[in-house]
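Novice: Can you keep this structure in mind? I'll have questions shortly.
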Amino acid sequence: MGNNRTYIDPEGTRSSADRIGPLLDDLSPFHQVSGIKTNSGNFPAAKWLDSLLGQRGDALFQHAQSVELVCHDIKAGLHSVVDTFEQTDGSNAGDLDRSLYHDVNVTRVHAWNHTRESADTNPDN
């Protein structure tokens, strides 16, 4: 078994967080996909297909926006954890646990709320 010490590389963790945060800052490819207009024909099935493709493009863009928020939440959470970890001694382990679980729960709530908002605007759901 290992020892009872936890080790974290603060600078490595911050560096990873700084790379995760902006992963989806460029949403232009998703925006381009959501802006594609199709013209499959002038009959019911073609119009339905055009509508479906448009809705799927919009849903993809909305999902990318949600993932972008989550990436920034992960970055902030990792920075918070490292800061707390650096300031934590043996008697402050509870503070560390609260920091970890709070950030994870906040990230989950943000992602859930954004997904629900996106679903509410999509008539297929």
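Labeling convention for the structure tokens: chains A, B, ... as they appear, residues from 1 per chain, ligands from 1 in order of appearance.
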Counting only C-alpha atoms, what is within 10 Å of Val70 in chain A, bar same-chain residues fewer than 2 positions away, as number ranges by chain?

Specialist: A: 20-21, 24, 64-68, 72-76, 106-111, 114

Novice: Which residues, written as a list in words, have at least one atom at most 6 Å from range 54-58 of chain A, with only C-alpha atoms counted and residues fewer than 2 positions away on the same chain left out?

Specialist: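 Neighbouring residues, sequence-local ones excluded: Val33, Ser34, Ser51, Leu52, Leu60 and Phe61 of chain A.
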
Novice: Output N, CA and C atoms of each residue in that selection to a file, as a JSON list (two decimals), in the first residue's frame.

Specialist:
[["chain", "number", "residue", "atom", "x", "y", "z"],
["A", 33, "VAL", "N", -21.59, 25.27, -39.13],
["A", 33, "VAL", "CA", -22.47, 24.11, -39.34],
["A", 33, "VAL", "C", -23.92, 24.49, -39.06],
["A", 34, "SER", "N", -24.14, 25.25, -38.01],
["A", 34, "SER", "CA", -25.52, 25.61, -37.68],
["A", 34, "SER", "C", -26.12, 26.56, -38.71],
["A", 51, "SER", "N", -35.55, 20.85, -42.51],
["A", 51, "SER", "CA", -35.84, 21.32, -41.16],
["A", 51, "SER", "C", -35.05, 20.53, -40.13],
["A", 52, "LEU", "N", -35.01, 19.23, -40.29],
["A", 52, "LEU", "CA", -34.28, 18.36, -39.36],
["A", 52, "LEU", "C", -32.79, 18.70, -39.36],
["A", 60, "LEU", "N", -26.15, 21.11, -32.35],
["A", 60, "LEU", "CA", -24.70, 20.91, -32.26],
["A", 60, "LEU", "C", -24.03, 22.17, -31.73],
["A", 61, "PHE", "N", -24.42, 23.32, -32.24],
["A", 61, "PHE", "CA", -23.85, 24.59, -31.79],
["A", 61, "PHE", "C", -24.15, 24.82, -30.30]]

Novice: Residues within 10 Å of Thr38 in chain A, please, as a PDB file with N, CA and C atoms, in the first residue's frame. Count only C-alpha atoms; anything in the same chain fewer than 4 positions from it doesn't count.

Specialist:
ATOM      1  N   ALA A  46     -38.673  16.306 -48.293  1.00  0.00           N
ATOM      2  CA  ALA A  46     -37.491  17.160 -48.472  1.00  0.00           C
ATOM      3  C   ALA A  46     -37.530  18.326 -47.494  1.00  0.00           C
ATOM      4  N   LYS A  47     -38.697  18.928 -47.341  1.00  0.00           N
ATOM      5  CA  LYS A  47     -38.826  20.039 -46.390  1.00  0.00           C
ATOM      6  C   LYS A  47     -38.572  19.561 -44.966  1.00  0.00           C
ATOM      7  N   LEU A  49     -36.659  17.031 -44.112  1.00  0.00           N
ATOM      8  CA  LEU A  49     -35.223  16.783 -44.009  1.00  0.00           C
ATOM      9  C   LEU A  49     -34.457  18.097 -43.835  1.00  0.00           C
ATOM     10  N   ASP A  50     -34.804  19.116 -44.593  1.00  0.00           N
ATOM     11  CA  ASP A  50     -34.151  20.417 -44.446  1.00  0.00           C
ATOM     12  C   ASP A  50     -34.345  20.969 -43.030  1.00  0.00           C
ATOM     13  N   SER A  51     -35.549  20.849 -42.515  1.00  0.00           N
ATOM     14  CA  SER A  51     -35.842  21.324 -41.164  1.00  0.00           C
ATOM     15  C   SER A  51     -35.047  20.529 -40.127  1.00  0.00           C
ATOM     16  N   LEU A  53     -32.198  18.874 -40.520  1.00  0.00           N
ATOM     17  CA  LEU A  53     -30.777  19.215 -40.604  1.00  0.00           C
ATOM     18  C   LEU A  53     -30.489  20.563 -39.947  1.00  0.00           C
ATOM     19  N   GLY A  54     -31.374  21.523 -40.144  1.00  0.00           N
ATOM     20  CA  GLY A  54     -31.210  22.821 -39.502  1.00  0.00           C
ATOM     21  C   GLY A  54     -31.275  22.719 -37.984  1.00  0.00           C
TER      22      GLY A  54
END

Novice: Between CA of Lys37 in chain A and CA of Trp112 in chain A, measure the distance and give it in Å to one decimal.

Specialist: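 Interatomic distance here is 29.2 Å.
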
Novice: Tell me, as a PDB file with C-alpha atoms, in the first residue's frame, which residues lie within 12 Å of Glu11 in chain A, counting only C-alpha atoms; anything in the same chain fewer than 5 positions away does not count.

Specialist:
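around.pdb was written with the following content:
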ATOM      1  CA  SER A  16      -3.208  21.499 -17.889  1.00  0.00           C
ATOM      2  CA  ALA A  17      -6.119  23.603 -16.661  1.00  0.00           C
ATOM      3  CA  ASP A  18      -4.971  26.508 -18.814  1.00  0.00           C
ATOM      4  CA  LEU A  78      -8.561  22.957 -11.101  1.00  0.00           C
ATOM      5  CA  HIS A  79      -7.029  26.322 -10.255  1.00  0.00           C
ATOM      6  CA  VAL A  82      -4.453  23.697  -6.578  1.00  0.00           C
ATOM      7  CA  ASP A  83      -4.716  26.959  -4.633  1.00  0.00           C
ATOM      8  CA  GLU A  86      -1.145  24.601  -1.563  1.00  0.00           C
TER       9      GLU A  86
END

Novice: Looking at A:Leu69, A:Ser80, A:Asp9, A:His63, which one is nearest to Ser118 in chain A, with distances taken over only C-alpha atoms?

Specialist: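 Comparing A:Leu69, A:Ser80, A:Asp9, A:His63 against Ser118 in chain A, the winner is A:His63.
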
Novice: If you measure from CA of Arg19 in chain A to CA of Val81 in chain A, what distance in Å do you get, rounded to one decimal?

Specialist: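 Separation of CA of Arg19 in chain A and CA of Val81 in chain A: 16.1 Å.
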